[in-house]
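Here is the structure we will look at.
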There are 2 protein chains.
Amino acid sequence: MKPKDEQKQEAIQQAALQCIFEEGIAGLKMESIAKKAQVATGTVYVYFKNKDELINHLFLRFKRSSILALEAQIDVKQPFKVNFRQLWYSYMNFALTNPAQATLLEQLHRSPYLSQEARQEAEKLLEPIRQLLNEGKQQQLVKPVDNELLLAFLSGSINQLARRSYEMGFELTPLRLEQAFAMAWDGIKS
Amino acid sequence: MKPKDEQKQEAIQQAALQCIFEEGIAGLKMESIAKKAQVATGTVYVYFKNKDELINHLFLRFKRSSILALEAQIDVKQPFKVNFRQLWYSYMNFALTNPAQATLLEQLHRSPYLSQEARQEAEKLLEPIRQLLNEGKQQQLVKPVDNELLLAFLSGSINQLARRSYEMGFELTPLRLEQAFAMAWDGIKS
DNA sequence: ATTTTAAATGAAAAAATATTCATTTATATT
DNA sequence: AATATAAATGAATATTTTTTCATTTAAAAT
């Protein structure tokens, strides 16, 4: 018996990820994925029942890994601003070093492929971060506004900045990152 | 001679806009557009050479109108902060009252349909806003950082906030809008 | 070494979608 | 009112893309 090839399985996923990055979800073709993964078109169907299943698998995989990695950064023993800075940089770093993953998550977030359950799971994953923001508010370090406002403000600006960086080749030097962080911090601090 | 029906032309565009809002660019079909516009499939081709042209036309139309409406808000006689507030609220208002347009612009920005020329024109349209930010920096009201940083910071946070508002039903009350504006202003001010 | 099993292949079929076009219909011009 | 012209139609055709499947290949089990 010939077993499934884990490397091939991974190659297909990476190829799909790359294809979405290059052409968007609208241009995603099974043939392109196979070609990029250097397998035959039919091979993709050995690992994924169909295109839909492949896409949903990718979304859940990358959504979970990105948010869990983020939360692992929180250290309750550290002062609020240290944790905040750590989180901000981790998120920015994820978006910058994994543009394809960031693009995939963004593209799928608003698409008929994504199930309601997946949305809810993603929402729940943010709980520890809301918690951190609450502590910042209790310590009167953060503006007394809804977490929704804070989260949208932070994630929106980070994602957009990362996007500009890899779309327009705008280099985010350490100086610029520190400037961007200062904007985020000044924005939320009370 | 039968002239082209301007209302039909508009109906097709509105239908396409609505289709993209409902199913994303990935699910956009000429047949769906025609059905929603209540015309025959072939009629769409009377007004647009093909799908590509329709999509690019929509992108440029809404990009131009949204940005030009913004720029009309700038009044050089007013102090910087007055102009900035006016711009921030206009942009937020656009994103909140035209979710379909905002979604279309966001979805098309990263799709294989969009031509390079369309992208470049969109970039040029931002010039007057860059100009305003430059003045803010000259007056030492705005942090001395690249316009790219400022624009990404502002547009990213506004878009994300508007998106959360109409996706999750998070109501942006006048108080919350003022709080969000304060975050933006505190973020960019030096 | 042989057998067994499932992966891998890629051409072909199926399905989905875009586009065309012969025909009909509506409107401006004469 | 008749004519000319282009819009409008939607079925037919073309094209693109997904999915299947008969066949080959590779690895594990015997």
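Labeling convention for the structure tokens: chains A, B, ... as they appear, residues from 1 per chain, ligands from 1 in order of appearance.
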Please build the interface table for chain B against chain C with a cut-off of 9 Å, listing for each qualifying residue the nearest atom pair and the distance in Å to one decimal; count only C-alpha atoms (C1' of nucleotides), order rows by chain and increasing number, and write it as JSON lines.
```
{"residue": "B:Met1", "atom": "CA", "partner": "C:DA28", "partner_atom": "C1'", "distance": 4.9}
{"residue": "B:Lys2", "atom": "CA", "partner": "C:DT27", "partner_atom": "C1'", "distance": 4.6}
{"residue": "B:Pro3", "atom": "CA", "partner": "C:DT27", "partner_atom": "C1'", "distance": 7.3}
{"residue": "B:Lys29", "atom": "CA", "partner": "C:DT17", "partner_atom": "C1'", "distance": 7.3}
{"residue": "B:Met30", "atom": "CA", "partner": "C:DA18", "partner_atom": "C1'", "distance": 7.5}
{"residue": "B:Glu31", "atom": "CA", "partner": "C:DT17", "partner_atom": "C1'", "distance": 8.5}
{"residue": "B:Gly42", "atom": "CA", "partner": "C:DT19", "partner_atom": "C1'", "distance": 8.3}
{"residue": "B:Tyr45", "atom": "CA", "partner": "C:DT19", "partner_atom": "C1'", "distance": 8.4}
{"residue": "B:Asn50", "atom": "CA", "partner": "C:DT19", "partner_atom": "C1'", "distance": 8.0}
{"residue": "B:Lys51", "atom": "CA", "partner": "C:DA18", "partner_atom": "C1'", "distance": 8.1}
```
Just need the residues of chain B within 9 Å of chain A, counting only C-alpha atoms, so spit them out as a PyMOL selection string.
chain B and resi 22-28+103+107+110-113+143+145-146+148-164+170+176+179-180+182-189
What are the residues of chain D that have an atom within 7 Å of an atom of chain A, counting only C-alpha atoms (C1' of nucleotides), as number ranges by chain?
D: 26-28
Residues within 7 Å of segment 7-12 of chain A, only C-alpha atoms (C1' of nucleotides), excluding chain neighbours under 5 positions, as a PyMOL selection string:
chain A and resi 33-34+37+44+47
Mind dumping the selected residues with all heavy atoms as an mmCIF file, in the first residue's frame?
```cif
data_model
loop_
_atom_site.group_PDB
_atom_site.id
_atom_site.type_symbol
_atom_site.label_atom_id
_atom_site.label_comp_id
_atom_site.auth_asym_id
_atom_site.auth_seq_id
_atom_site.Cartn_x
_atom_site.Cartn_y
_atom_site.Cartn_z
ATOM 1 N N ILE A 33 -3.118 25.408 -8.899
ATOM 2 C CA ILE A 33 -2.622 24.866 -7.637
ATOM 3 C C ILE A 33 -1.751 23.638 -7.911
ATOM 4 O O ILE A 33 -0.636 23.520 -7.410
ATOM 5 C CB ILE A 33 -3.800 24.473 -6.717
ATOM 6 C CG1 ILE A 33 -4.592 25.720 -6.322
ATOM 7 C CG2 ILE A 33 -3.290 23.737 -5.481
ATOM 8 C CD1 ILE A 33 -5.903 25.412 -5.622
ATOM 9 N N ALA A 34 -2.292 22.728 -8.746
ATOM 10 C CA ALA A 34 -1.562 21.500 -9.055
ATOM 11 C C ALA A 34 -0.221 21.812 -9.718
ATOM 12 O O ALA A 34 0.814 21.259 -9.343
ATOM 13 C CB ALA A 34 -2.414 20.620 -9.966
ATOM 14 N N ALA A 37 2.208 23.142 -7.268
ATOM 15 C CA ALA A 37 2.630 22.106 -6.314
ATOM 16 C C ALA A 37 3.400 20.989 -7.024
ATOM 17 O O ALA A 37 3.881 20.055 -6.386
ATOM 18 C CB ALA A 37 1.418 21.535 -5.589
ATOM 19 N N VAL A 44 -4.633 16.543 -6.495
ATOM 20 C CA VAL A 44 -5.230 17.448 -5.513
ATOM 21 C C VAL A 44 -6.478 16.797 -4.917
ATOM 22 O O VAL A 44 -6.751 16.927 -3.726
ATOM 23 C CB VAL A 44 -5.593 18.801 -6.166
ATOM 24 C CG1 VAL A 44 -6.242 19.729 -5.143
ATOM 25 C CG2 VAL A 44 -4.351 19.456 -6.764
ATOM 26 N N TYR A 47 -6.173 14.406 -1.934
ATOM 27 C CA TYR A 47 -6.022 14.997 -0.608
ATOM 28 C C TYR A 47 -7.196 15.842 -0.153
ATOM 29 O O TYR A 47 -7.417 16.016 1.045
ATOM 30 C CB TYR A 47 -4.724 15.809 -0.569
ATOM 31 C CG TYR A 47 -3.505 14.933 -0.711
ATOM 32 C CD1 TYR A 47 -2.954 14.640 -1.965
ATOM 33 C CD2 TYR A 47 -2.934 14.346 0.417
ATOM 34 C CE1 TYR A 47 -1.865 13.808 -2.090
ATOM 35 C CE2 TYR A 47 -1.833 13.513 0.302
ATOM 36 C CZ TYR A 47 -1.303 13.241 -0.954
ATOM 37 O OH TYR A 47 -0.236 12.412 -1.074
#
```
Among segment 72-127 of chain B, which residues does DSSP mark as helix (DSSP H, G or I) when it is run on the backbone? Keep the chain and numbering as in the structure and answer as a VMD selection string.
chain B and resid 80 to 97 99 to 109 116 to 125 127
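Separating atom CA of Gln86 of chain A from atom CA of Asn134 of chain A is a distance of 16.6 Å.
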Skip Phe94 of chain A itself and residues of its chain fewer than 6 positions away, then list as a PyMOL selection string all residues within 10 Å of it, counting only C-alpha atoms (C1' of nucleotides).
chain A and resi 66-67+69-70+88+101-102+159+162
Write out, as an mmCIF file, in the first residue's frame, the residues just selected, with C-alpha atoms.
```
data_model
loop_
_atom_site.group_PDB
_atom_site.id
_atom_site.type_symbol
_atom_site.label_atom_id
_atom_site.label_comp_id
_atom_site.auth_asym_id
_atom_site.auth_seq_id
_atom_site.Cartn_x
_atom_site.Cartn_y
_atom_site.Cartn_z
ATOM 1 C CA SER A 66 -2.195 32.810 13.649
ATOM 2 C CA ILE A 67 -4.419 33.696 16.582
ATOM 3 C CA ALA A 69 0.498 32.168 18.194
ATOM 4 C CA LEU A 70 -0.572 35.666 19.087
ATOM 5 C CA TRP A 88 1.284 44.698 18.433
ATOM 6 C CA GLN A 101 -1.715 33.899 4.961
ATOM 7 C CA ALA A 102 -2.878 37.375 5.892
ATOM 8 C CA ASN A 159 -3.367 44.932 8.388
ATOM 9 C CA ALA A 162 1.291 45.376 6.164
#
```
What is the atom CA of Leu87 of chain A to atom CA of Pro174 of chain A distance in Å?
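Between these atoms lies a distance of 16.2 Å.
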At a cut-off of 8 Å, using only C-alpha atoms (C1' of nucleotides), what residues contact segment 78-82 of chain B? Leave out same-chain residues fewer than 6 positions from it and give the result as a list in words.
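Everything that qualifies: Leu132, Glu135 and Gly136 of chain B.
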